[in-house]
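Undergrad: Contents of my_file-v4.cif (mmCIF, C-alpha atoms):
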```
data_model
#
loop_
_atom_site.group_PDB
_atom_site.id
_atom_site.type_symbol
_atom_site.label_atom_id
_atom_site.label_comp_id
_atom_site.auth_asym_id
_atom_site.auth_seq_id
_atom_site.Cartn_x
_atom_site.Cartn_y
_atom_site.Cartn_z
ATOM 1 C CA MET A 852 95.890 -74.548 120.651
ATOM 2 C CA THR A 853 95.129 -76.589 117.577
ATOM 3 C CA ASP A 854 98.101 -78.511 116.235
ATOM 4 C CA HIS A 855 98.640 -77.765 112.553
ATOM 5 C CA PRO A 856 101.729 -78.357 110.430
ATOM 6 C CA THR A 857 103.358 -75.120 109.295
ATOM 7 C CA THR A 858 106.416 -76.167 107.328
ATOM 8 C CA HIS A 859 107.051 -76.714 103.652
ATOM 9 C CA LEU A 860 103.703 -75.344 102.489
ATOM 10 C CA THR A 861 104.027 -74.422 98.838
ATOM 11 C CA ASN A 862 101.682 -73.738 95.965
ATOM 12 C CA ALA A 863 101.652 -76.413 93.351
ATOM 13 C CA SER A 864 101.919 -75.314 89.734
ATOM 14 C CA ASP A 865 99.170 -75.990 87.212
ATOM 15 C CA GLY A 866 99.960 -78.041 84.161
ATOM 16 C CA ASP A 867 100.518 -74.914 82.048
ATOM 17 C CA GLY A 868 103.097 -73.598 84.510
ATOM 18 C CA SER A 869 100.828 -70.959 86.093
ATOM 19 C CA SER A 870 100.424 -70.656 89.838
ATOM 20 C CA ALA A 871 97.741 -72.704 91.563
ATOM 21 C CA GLN A 872 95.036 -71.101 93.650
ATOM 22 C CA PRO A 873 96.130 -69.700 97.033
ATOM 23 C CA THR A 874 96.406 -72.331 99.749
ATOM 24 C CA THR A 875 95.299 -71.475 103.294
ATOM 25 C CA VAL A 876 95.944 -73.390 106.514
ATOM 26 C CA ASP A 877 95.021 -72.622 110.104
ATOM 27 C CA ILE A 878 98.178 -72.419 112.182
ATOM 28 C CA SER A 879 96.130 -72.071 115.377
ATOM 29 C CA ASP A 880 92.767 -70.726 116.476
ATOM 30 C CA THR A 881 94.111 -67.174 116.062
ATOM 31 C CA LEU A 882 96.627 -67.486 113.245
ATOM 32 C CA ARG A 883 96.314 -68.541 109.617
ATOM 33 C CA PHE A 884 98.666 -68.677 106.658
ATOM 34 C CA THR A 885 97.957 -68.290 102.956
ATOM 35 C CA ALA A 886 100.488 -69.124 100.245
ATOM 36 C CA GLU A 887 100.150 -67.022 97.079
ATOM 37 C CA GLY A 888 102.944 -68.248 94.843
ATOM 38 C CA ASP A 889 106.247 -66.902 96.195
ATOM 39 C CA ILE A 890 104.464 -64.724 98.764
ATOM 40 C CA GLY A 891 103.019 -65.903 102.063
ATOM 41 C CA ILE A 892 100.423 -64.008 104.106
ATOM 42 C CA LEU A 893 100.369 -64.682 107.839
ATOM 43 C CA THR A 894 97.225 -63.277 109.449
ATOM 44 C CA LEU A 895 96.582 -62.612 113.114
ATOM 45 C CA ASP A 896 92.872 -63.298 113.520
ATOM 46 C CA ARG A 897 91.554 -62.217 116.912
ATOM 47 C CA PRO A 898 89.550 -59.085 116.114
ATOM 48 C CA ALA A 899 87.211 -59.342 119.105
ATOM 49 C CA LYS A 900 90.280 -58.798 121.312
ATOM 50 C CA ARG A 901 91.769 -56.158 118.977
ATOM 51 C CA ASN A 902 94.285 -58.895 118.103
ATOM 52 C CA ALA A 903 95.835 -58.766 121.575
ATOM 53 C CA LEU A 904 98.537 -61.399 121.934
ATOM 54 C CA ASP A 905 97.770 -64.239 124.311
ATOM 55 C CA ASP A 906 100.367 -66.852 125.221
ATOM 56 C CA ALA A 907 99.030 -69.389 122.722
ATOM 57 C CA THR A 908 99.286 -66.919 119.830
ATOM 58 C CA VAL A 909 102.824 -65.886 120.767
ATOM 59 C CA ALA A 910 103.814 -69.557 120.923
ATOM 60 C CA SER A 911 102.184 -70.192 117.528
ATOM 61 C CA LEU A 912 104.047 -67.271 115.966
ATOM 62 C CA GLY A 913 107.312 -68.590 117.364
ATOM 63 C CA GLU A 914 106.674 -72.089 116.063
ATOM 64 C CA PHE A 915 105.705 -70.760 112.636
ATOM 65 C CA PHE A 916 108.944 -68.803 112.258
ATOM 66 C CA ARG A 917 111.030 -71.664 113.643
ATOM 67 C CA THR A 918 110.355 -73.601 110.417
ATOM 68 C CA PRO A 919 108.567 -71.216 108.023
ATOM 69 C CA PRO A 920 107.060 -72.316 104.705
ATOM 70 C CA GLU A 921 109.069 -72.196 101.494
ATOM 71 C CA VAL A 922 108.154 -68.732 100.216
ATOM 72 C CA SER A 923 110.300 -65.740 99.260
ATOM 73 C CA ALA A 924 108.550 -63.071 101.350
ATOM 74 C CA ILE A 925 106.009 -63.048 104.171
ATOM 75 C CA ILE A 926 103.333 -60.429 104.816
ATOM 76 C CA LEU A 927 102.256 -60.178 108.455
ATOM 77 C CA ASN A 928 98.816 -58.645 108.826
ATOM 78 C CA SER A 929 95.719 -58.866 110.981
ATOM 79 C CA THR A 930 91.952 -58.828 110.690
ATOM 80 C CA GLY A 931 89.705 -56.074 111.979
ATOM 81 C CA ASP A 932 90.369 -52.426 112.753
ATOM 82 C CA HIS A 933 93.560 -52.906 114.787
ATOM 83 C CA PHE A 934 96.893 -54.540 114.060
ATOM 84 C CA CYS A 935 97.512 -55.529 117.671
ATOM 85 C CA ALA A 936 96.535 -53.942 120.976
ATOM 86 C CA GLY A 937 99.433 -55.585 122.808
ATOM 87 C CA LEU A 938 99.585 -58.209 125.517
ATOM 88 C CA ASP A 939 96.264 -59.806 126.412
ATOM 89 C CA LEU A 940 95.966 -58.365 129.921
ATOM 90 C CA SER A 941 93.140 -60.788 130.766
ATOM 91 C CA GLU A 942 95.816 -63.497 130.824
ATOM 92 C CA MET A 943 98.125 -61.501 133.030
ATOM 93 C CA ALA A 944 98.434 -63.598 136.151
ATOM 94 C CA GLU A 945 100.321 -63.049 139.359
ATOM 95 C CA ARG A 946 103.814 -64.308 138.566
ATOM 96 C CA ASP A 947 106.831 -64.533 140.766
ATOM 97 C CA ALA A 948 110.082 -63.054 139.476
ATOM 98 C CA VAL A 949 111.283 -66.271 137.864
ATOM 99 C CA ALA A 950 107.981 -66.944 136.084
ATOM 100 C CA GLY A 951 107.882 -63.352 134.842
ATOM 101 C CA LEU A 952 111.423 -63.679 133.526
ATOM 102 C CA HIS A 953 110.580 -66.855 131.615
ATOM 103 C CA HIS A 954 107.427 -65.257 130.186
ATOM 104 C CA SER A 955 109.393 -62.283 128.868
ATOM 105 C CA ARG A 956 112.117 -64.509 127.460
ATOM 106 C CA GLY A 957 109.475 -66.546 125.631
ATOM 107 C CA TRP A 958 108.363 -63.365 123.862
ATOM 108 C CA HIS A 959 111.989 -62.610 123.024
ATOM 109 C CA THR A 960 112.353 -66.039 121.425
ATOM 110 C CA THR A 961 109.327 -65.449 119.198
ATOM 111 C CA MET A 962 110.245 -61.886 118.201
ATOM 112 C CA ASN A 963 113.844 -62.875 117.517
ATOM 113 C CA ARG A 964 112.686 -65.641 115.188
ATOM 114 C CA ILE A 965 110.775 -63.048 113.166
ATOM 115 C CA THR A 966 113.669 -60.588 113.039
ATOM 116 C CA GLU A 967 116.186 -63.334 112.273
ATOM 117 C CA SER A 968 113.989 -65.012 109.654
ATOM 118 C CA GLN A 969 115.784 -65.699 106.395
ATOM 119 C CA ILE A 970 112.499 -64.811 104.682
ATOM 120 C CA PRO A 971 111.895 -61.032 104.686
ATOM 121 C CA VAL A 972 108.786 -60.042 106.659
ATOM 122 C CA VAL A 973 106.590 -57.030 105.802
ATOM 123 C CA ALA A 974 104.104 -55.958 108.502
ATOM 124 C CA VAL A 975 100.813 -54.254 107.570
ATOM 125 C CA LEU A 976 99.677 -51.891 110.320
ATOM 126 C CA GLN A 977 96.294 -50.327 110.958
ATOM 127 C CA GLY A 978 94.547 -48.960 114.028
ATOM 128 C CA GLY A 979 96.218 -49.659 117.342
ATOM 129 C CA VAL A 980 99.852 -50.792 117.301
ATOM 130 C CA ILE A 981 100.240 -50.743 121.045
ATOM 131 C CA GLY A 982 102.718 -52.218 123.525
ATOM 132 C CA GLY A 983 103.311 -55.812 122.483
ATOM 133 C CA GLY A 984 101.788 -54.953 119.117
ATOM 134 C CA LEU A 985 104.588 -52.460 118.519
ATOM 135 C CA GLU A 986 107.076 -55.099 119.667
ATOM 136 C CA LEU A 987 105.641 -57.462 117.052
ATOM 137 C CA ALA A 988 105.669 -54.783 114.335
ATOM 138 C CA SER A 989 109.243 -53.728 115.118
ATOM 139 C CA ALA A 990 110.385 -57.345 114.750
ATOM 140 C CA ALA A 991 109.439 -57.270 111.047
ATOM 141 C CA HIS A 992 111.947 -56.147 108.399
ATOM 142 C CA LEU A 993 109.609 -53.559 106.819
ATOM 143 C CA ARG A 994 106.485 -51.828 108.110
ATOM 144 C CA VAL A 995 103.589 -50.381 106.092
ATOM 145 C CA ALA A 996 101.106 -48.221 107.996
ATOM 146 C CA ASP A 997 97.785 -46.967 106.736
ATOM 147 C CA GLU A 998 96.410 -43.610 107.853
ATOM 148 C CA SER A 999 94.430 -45.150 110.714
ATOM 149 C CA ALA A 1000 97.501 -46.510 112.511
ATOM 150 C CA TYR A 1001 98.708 -45.137 115.833
ATOM 151 C CA PHE A 1002 101.601 -46.266 117.996
ATOM 152 C CA ALA A 1003 102.054 -46.329 121.765
ATOM 153 C CA LEU A 1004 104.018 -47.937 124.599
ATOM 154 C CA PRO A 1005 101.640 -47.395 127.542
ATOM 155 C CA GLU A 1006 103.290 -49.817 129.970
ATOM 156 C CA GLY A 1007 104.766 -47.002 132.061
ATOM 157 C CA LYS A 1008 101.281 -45.626 132.803
ATOM 158 C CA ARG A 1009 100.181 -49.077 133.983
ATOM 159 C CA GLY A 1010 103.008 -49.719 136.415
ATOM 160 C CA LEU A 1011 104.723 -52.060 133.963
ATOM 161 C CA PHE A 1012 107.809 -52.194 131.789
ATOM 162 C CA VAL A 1013 108.089 -53.540 128.260
ATOM 163 C CA GLY A 1014 109.065 -57.208 128.112
ATOM 164 C CA GLY A 1015 108.865 -58.333 124.486
ATOM 165 C CA GLY A 1016 111.883 -56.562 123.029
ATOM 166 C CA ALA A 1017 110.680 -52.955 122.683
ATOM 167 C CA SER A 1018 113.507 -51.547 124.794
ATOM 168 C CA VAL A 1019 116.010 -53.018 122.320
ATOM 169 C CA ARG A 1020 114.305 -52.724 118.939
ATOM 170 C CA VAL A 1021 112.273 -49.526 119.054
ATOM 171 C CA PRO A 1022 115.167 -47.226 120.138
ATOM 172 C CA ARG A 1023 117.146 -48.584 117.188
ATOM 173 C CA LEU A 1024 114.360 -47.321 114.933
ATOM 174 C CA ILE A 1025 113.486 -43.948 116.483
ATOM 175 C CA GLY A 1026 116.081 -43.187 119.168
ATOM 176 C CA LEU A 1027 116.188 -43.473 122.936
ATOM 177 C CA SER A 1028 114.659 -40.074 123.714
ATOM 178 C CA ARG A 1029 111.473 -40.724 121.740
ATOM 179 C CA VAL A 1030 110.993 -44.118 123.388
ATOM 180 C CA GLN A 1031 111.464 -42.559 126.815
ATOM 181 C CA ASP A 1032 108.839 -39.970 125.875
ATOM 182 C CA MET A 1033 106.385 -42.689 124.845
ATOM 183 C CA MET A 1034 106.941 -44.667 128.029
ATOM 184 C CA LEU A 1035 107.110 -41.773 130.519
ATOM 185 C CA THR A 1036 104.179 -39.720 129.229
ATOM 186 C CA GLY A 1037 102.048 -42.180 127.254
ATOM 187 C CA ARG A 1038 102.671 -40.190 124.083
ATOM 188 C CA ARG A 1039 101.446 -41.823 120.913
ATOM 189 C CA PHE A 1040 102.407 -41.225 117.303
ATOM 190 C CA ASN A 1041 100.000 -41.227 114.368
ATOM 191 C CA ALA A 1042 100.880 -42.731 110.991
ATOM 192 C CA ALA A 1043 102.333 -39.516 109.531
ATOM 193 C CA GLU A 1044 104.488 -38.938 112.614
ATOM 194 C CA ALA A 1045 105.588 -42.575 112.637
ATOM 195 C CA GLU A 1046 106.748 -42.282 109.040
ATOM 196 C CA SER A 1047 108.603 -39.033 109.702
ATOM 197 C CA ILE A 1048 110.600 -40.497 112.617
ATOM 198 C CA GLY A 1049 111.363 -43.808 110.904
ATOM 199 C CA LEU A 1050 109.066 -46.040 112.908
ATOM 200 C CA VAL A 1051 107.415 -47.192 109.666
ATOM 201 C CA ASN A 1052 108.859 -47.411 106.165
ATOM 202 C CA TYR A 1053 105.718 -46.614 104.155
ATOM 203 C CA ARG A 1054 102.466 -44.753 104.797
ATOM 204 C CA VAL A 1055 99.392 -45.331 102.633
ATOM 205 C CA GLY A 1056 95.714 -44.482 102.628
ATOM 206 C CA ALA A 1057 93.244 -46.254 104.881
ATOM 207 C CA GLY A 1058 92.698 -49.833 103.742
ATOM 208 C CA GLU A 1059 95.609 -49.750 101.274
ATOM 209 C CA GLY A 1060 98.226 -51.417 103.457
ATOM 210 C CA LEU A 1061 97.865 -54.964 102.205
ATOM 211 C CA ALA A 1062 98.051 -53.912 98.546
ATOM 212 C CA LYS A 1063 101.259 -51.972 99.247
ATOM 213 C CA ALA A 1064 102.693 -54.913 101.169
ATOM 214 C CA ARG A 1065 101.936 -57.227 98.251
ATOM 215 C CA GLU A 1066 103.774 -54.828 95.938
ATOM 216 C CA LEU A 1067 106.789 -54.780 98.255
ATOM 217 C CA ALA A 1068 106.728 -58.546 98.779
ATOM 218 C CA ALA A 1069 106.663 -59.131 95.020
ATOM 219 C CA SER A 1070 109.697 -56.876 94.636
ATOM 220 C CA ILE A 1071 111.508 -58.715 97.436
ATOM 221 C CA ALA A 1072 110.642 -62.089 95.914
ATOM 222 C CA SER A 1073 112.217 -61.029 92.612
ATOM 223 C CA ASN A 1074 115.621 -60.583 94.277
ATOM 224 C CA SER A 1075 118.304 -63.215 94.367
ATOM 225 C CA PRO A 1076 117.681 -65.433 97.432
ATOM 226 C CA VAL A 1077 121.360 -65.081 98.294
ATOM 227 C CA THR A 1078 121.056 -61.297 98.367
ATOM 228 C CA ASN A 1079 117.935 -61.458 100.539
ATOM 229 C CA TYR A 1080 119.814 -63.796 102.876
ATOM 230 C CA ALA A 1081 122.697 -61.332 103.103
ATOM 231 C CA ILE A 1082 120.310 -58.453 103.831
ATOM 232 C CA THR A 1083 118.352 -60.270 106.560
ATOM 233 C CA GLN A 1084 121.233 -62.220 108.124
ATOM 234 C CA ALA A 1085 124.544 -60.446 107.477
ATOM 235 C CA LEU A 1086 123.536 -56.778 107.352
ATOM 236 C CA PRO A 1087 122.192 -56.601 110.947
ATOM 237 C CA ARG A 1088 125.387 -58.234 112.199
ATOM 238 C CA ILE A 1089 127.525 -55.824 110.183
ATOM 239 C CA VAL A 1090 125.693 -52.865 111.710
ATOM 240 C CA GLU A 1091 126.240 -54.215 115.239
ATOM 241 C CA SER A 1092 129.904 -55.110 114.684
ATOM 242 C CA GLY A 1093 133.082 -53.057 114.792
ATOM 243 C CA ARG A 1094 134.216 -51.197 111.680
ATOM 244 C CA ASP A 1095 136.935 -53.635 110.552
ATOM 245 C CA GLU A 1096 134.826 -56.714 111.294
ATOM 246 C CA GLY A 1097 131.969 -55.123 109.379
ATOM 247 C CA TYR A 1098 134.150 -54.498 106.339
ATOM 248 C CA MET A 1099 135.296 -58.114 106.353
ATOM 249 C CA MET A 1100 131.751 -59.483 106.605
ATOM 250 C CA GLU A 1101 130.675 -57.113 103.837
ATOM 251 C CA SER A 1102 133.467 -58.357 101.554
ATOM 252 C CA LEU A 1103 132.624 -61.978 102.237
ATOM 253 C CA MET A 1104 128.894 -61.497 101.593
ATOM 254 C CA ALA A 1105 129.533 -59.416 98.457
ATOM 255 C CA THR A 1106 131.687 -62.224 97.081
ATOM 256 C CA VAL A 1107 129.106 -64.899 97.888
ATOM 257 C CA ALA A 1108 126.193 -62.863 96.520
ATOM 258 C CA GLN A 1109 127.783 -61.961 93.186
ATOM 259 C CA SER A 1110 128.777 -65.579 92.570
ATOM 260 C CA SER A 1111 125.174 -66.846 92.637
ATOM 261 C CA THR A 1112 123.385 -67.872 89.456
ATOM 262 C CA GLU A 1113 120.543 -65.436 90.190
ATOM 263 C CA ALA A 1114 122.969 -62.534 90.539
ATOM 264 C CA LYS A 1115 124.554 -63.330 87.182
ATOM 265 C CA ASP A 1116 121.128 -63.473 85.534
ATOM 266 C CA LEU A 1117 120.019 -60.180 87.102
ATOM 267 C CA MET A 1118 123.247 -58.406 86.139
ATOM 268 C CA ARG A 1119 122.993 -59.721 82.568
ATOM 269 C CA ALA A 1120 119.431 -58.372 82.365
ATOM 270 C CA PHE A 1121 120.592 -54.994 83.640
ATOM 271 C CA LEU A 1122 123.396 -54.797 81.123
ATOM 272 C CA ASP A 1123 121.247 -55.769 78.135
ATOM 273 C CA GLY A 1124 118.569 -53.262 79.135
ATOM 274 C CA SER A 1125 115.841 -55.741 80.024
ATOM 275 C CA GLY A 1126 116.189 -55.402 83.803
ATOM 276 C CA PRO A 1127 114.914 -52.650 86.111
ATOM 277 C CA LYS A 1128 116.878 -49.411 86.418
ATOM 278 C CA VAL A 1129 117.002 -46.702 89.065
ATOM 279 C CA ASN A 1130 115.053 -43.671 87.845
ATOM 280 C CA LYS A 1131 114.082 -40.348 89.359
#
```
Show the structure stored in the file as structure tokens.
TA:
Amino acid sequence: MTDHPTTHLTNASDGDGSSAQPTTVDISDTLRFTAEGDIGILTLDRPAKRNALDDATVASLGEFFRTPPEVSAIILNSTGDHFCAGLDLSEMAERDAVAGLHHSRGWHTTMNRITESQIPVVAVLQGGVIGGGLELASAAHLRVADESAYFALPEGKRGLFVGGGASVRVPRLIGLSRVQDMMLTGRRFNAAEAESIGLVNYRVGAGEGLAKARELAASIASNSPVTNYAITQALPRIVESGRDEGYMMESLMATVAQSSTEAKDLMRAFLDGSGPKVNK
């Protein structure tokens, strides 16, 4: 794996205050990052393997999200016709129980870093989102699927069991019974079905996923950073906590968020009519 720095990549500003041209760096042989102002685009680039995740790519993803660049939103996408066909089975070696445990836990570390990222992550999904690919997609904060996307957890039909977090994350999105169906029978969901059951947040036409993700990322980047922090860091903990503990965390984060300079500016804009409003 090529060693490339991944932290503190920002776009410089031109002399007139406008954004500089996008800056791209290779994170590894299969992963690259482009900074476009406040938005970063992280691209999985292994189309010949349908973007299947080998160990080096998983490690690179984990390292990237350990110290991500200074952007306000990250788009996670991939090249080719498929988002990710899962674990690269050509790398699947005979492992004893301990080695298999460590391999699975390494995936957990990477996926947790994505989910727990302070920078909101929007995944763009097309073609196969299968096995480990669905584990990667479910680690993002938002998911945009184009009409070509389909979703499956075929491990049960291959004598395997999920090991990258699907048994924890995917039931939280669509419920235990649907995940059992996927794993027991090999059932797959198309993009329309995935939207209807809550597996994805947005469904768009074929080839329109990245444009929609850019729109969402721009909206996210316009928020107060303190509010985005509360949504990515506090909200999941509130949901998993008891009622009274959740209320206390909510009160604390509401107080912190409304005291920020950005919140005051946004509220002032709302009150004077220059800020966005909720419409039908």
Undergrad: Starting from the shown file, work through the PyMOL selection byres ((chain A and resi 1068) around 10) and note down what comes out as a PyMOL selection string.
TA: chain A and resi 889-892+923-926+971-973+993+1062-1067+1069-1073
Undergrad: Please expand the PyMOL selection byres ((chain A and resi 935-949) around 10) into the concrete residues it hits in this file, giving the result as a ChimeraX atom specification.
TA: /A:895-898,900-906,909,928-934,950-954,976-988,1002-1006,1014-1015
Undergrad: Could you write those residues out with C-alpha atoms, as a tab-separated table (two decimals), in the coordinates of the input?
TA:
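Resulting contents of result34.tsv:
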```tsv
chain	number	residue	atom	x	y	z
A	895	LEU	CA	96.58	-62.61	113.11
A	896	ASP	CA	92.87	-63.30	113.52
A	897	ARG	CA	91.55	-62.22	116.91
A	898	PRO	CA	89.55	-59.08	116.11
A	900	LYS	CA	90.28	-58.80	121.31
A	901	ARG	CA	91.77	-56.16	118.98
A	902	ASN	CA	94.28	-58.90	118.10
A	903	ALA	CA	95.84	-58.77	121.58
A	904	LEU	CA	98.54	-61.40	121.93
A	905	ASP	CA	97.77	-64.24	124.31
A	906	ASP	CA	100.37	-66.85	125.22
A	909	VAL	CA	102.82	-65.89	120.77
A	928	ASN	CA	98.82	-58.64	108.83
A	929	SER	CA	95.72	-58.87	110.98
A	930	THR	CA	91.95	-58.83	110.69
A	931	GLY	CA	89.70	-56.07	111.98
A	932	ASP	CA	90.37	-52.43	112.75
A	933	HIS	CA	93.56	-52.91	114.79
A	934	PHE	CA	96.89	-54.54	114.06
A	950	ALA	CA	107.98	-66.94	136.08
A	951	GLY	CA	107.88	-63.35	134.84
A	952	LEU	CA	111.42	-63.68	133.53
A	953	HIS	CA	110.58	-66.86	131.62
A	954	HIS	CA	107.43	-65.26	130.19
A	976	LEU	CA	99.68	-51.89	110.32
A	977	GLN	CA	96.29	-50.33	110.96
A	978	GLY	CA	94.55	-48.96	114.03
A	979	GLY	CA	96.22	-49.66	117.34
A	980	VAL	CA	99.85	-50.79	117.30
A	981	ILE	CA	100.24	-50.74	121.04
A	982	GLY	CA	102.72	-52.22	123.52
A	983	GLY	CA	103.31	-55.81	122.48
A	984	GLY	CA	101.79	-54.95	119.12
A	985	LEU	CA	104.59	-52.46	118.52
A	986	GLU	CA	107.08	-55.10	119.67
A	987	LEU	CA	105.64	-57.46	117.05
A	988	ALA	CA	105.67	-54.78	114.34
A	1002	PHE	CA	101.60	-46.27	118.00
A	1003	ALA	CA	102.05	-46.33	121.76
A	1004	LEU	CA	104.02	-47.94	124.60
A	1005	PRO	CA	101.64	-47.40	127.54
A	1006	GLU	CA	103.29	-49.82	129.97
A	1014	GLY	CA	109.06	-57.21	128.11
A	1015	GLY	CA	108.86	-58.33	124.49
```
Undergrad: Translate the PyMOL selection byres ((chain A and resi 994) around 7) into a concrete residue list for this structure, as a list in words.
TA: Val973, Ala974, Val975, Ala988, Ala991, His992, Leu993, Val995, Ala996, Val1051, Asn1052 and Tyr1053 of chain A
Undergrad: Skipping near chain neighbours, those fewer than 5 positions away, what residues fall within 8 Å of Leu882 in chain A using all atoms listed in the file, listed as a VMD selection string?
TA: chain A and resid 877 893 to 896 908 911 to 912
Undergrad: Could you dump the residues just selected with C-alpha atoms as an mmCIF file, keeping the file's coordinate frame?
TA:
```cif
data_model
loop_
_atom_site.group_PDB
_atom_site.id
_atom_site.type_symbol
_atom_site.label_atom_id
_atom_site.label_comp_id
_atom_site.auth_asym_id
_atom_site.auth_seq_id
_atom_site.Cartn_x
_atom_site.Cartn_y
_atom_site.Cartn_z
ATOM 1 C CA ASP A 877 95.021 -72.622 110.104
ATOM 2 C CA LEU A 893 100.369 -64.682 107.839
ATOM 3 C CA THR A 894 97.225 -63.277 109.449
ATOM 4 C CA LEU A 895 96.582 -62.612 113.114
ATOM 5 C CA ASP A 896 92.872 -63.298 113.520
ATOM 6 C CA THR A 908 99.286 -66.919 119.830
ATOM 7 C CA SER A 911 102.184 -70.192 117.528
ATOM 8 C CA LEU A 912 104.047 -67.271 115.966
#
```
Undergrad: A:Gly913, A:Gly1037, A:Gly1010, A:Pro920: which is nearest Arg964 in chain A, counting all atoms listed in the file?
TA: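 With all atoms listed in the file as the atom set, the closest residue is A:Gly913.
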Undergrad: Provide the CA of Arg1023 in chain A to CA of Ala1045 in chain A distance in Å, to one decimal place.
TA: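 That distance, rounded to one decimal, is 13.8 Å.
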Undergrad: For Val1030 in chain A, find every residue with an atom within 9 Å (counting only C-alpha atoms), except residues of its own chain fewer than 3 positions away, and show them as a VMD selection string.
TA: chain A and resid 1004 1017 to 1018 1021 to 1022 1025 to 1027 1033 to 1035
Undergrad: Taking all atoms listed in the file into account, name the residue in A:Val1077, A:Ala910, A:Met1099, A:Ala1085 that is nearest to Thr1112 in chain A.
TA: A:Val1077
Undergrad: Rounded to one decimal place, report the CA of Ser1110 in chain A-CA of Gly1093 in chain A distance in Å.
TA: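 These two atoms are separated by 25.9 Å.
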Undergrad: Using only C-alpha atoms, which of A:Met1104, A:Val1013, A:Val1019, A:Leu927 sits nearest Ile965 in chain A?
TA: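 Answer, going by the shortest atom-to-atom distance: A:Leu927.
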Undergrad: Skipping near chain neighbours, those fewer than 4 positions away, what residues fall within 12 Å of Ile1082 in chain A using all atoms listed in the file, listed as a list of chain:residue names?
TA: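 Listed by chain and then number, they are A:Thr966, A:Glu967, A:Ser968, A:Gln969, A:Ile970, A:Pro971, A:Val972, A:His992, A:Ile1071, A:Asn1074, A:Ser1075, A:Pro1076, A:Val1077, A:Thr1078, A:Leu1086, A:Pro1087, A:Arg1088, A:Ile1089, A:Val1090, A:Met1100, A:Glu1101, A:Met1104, A:Ala1105, A:Ala1108.
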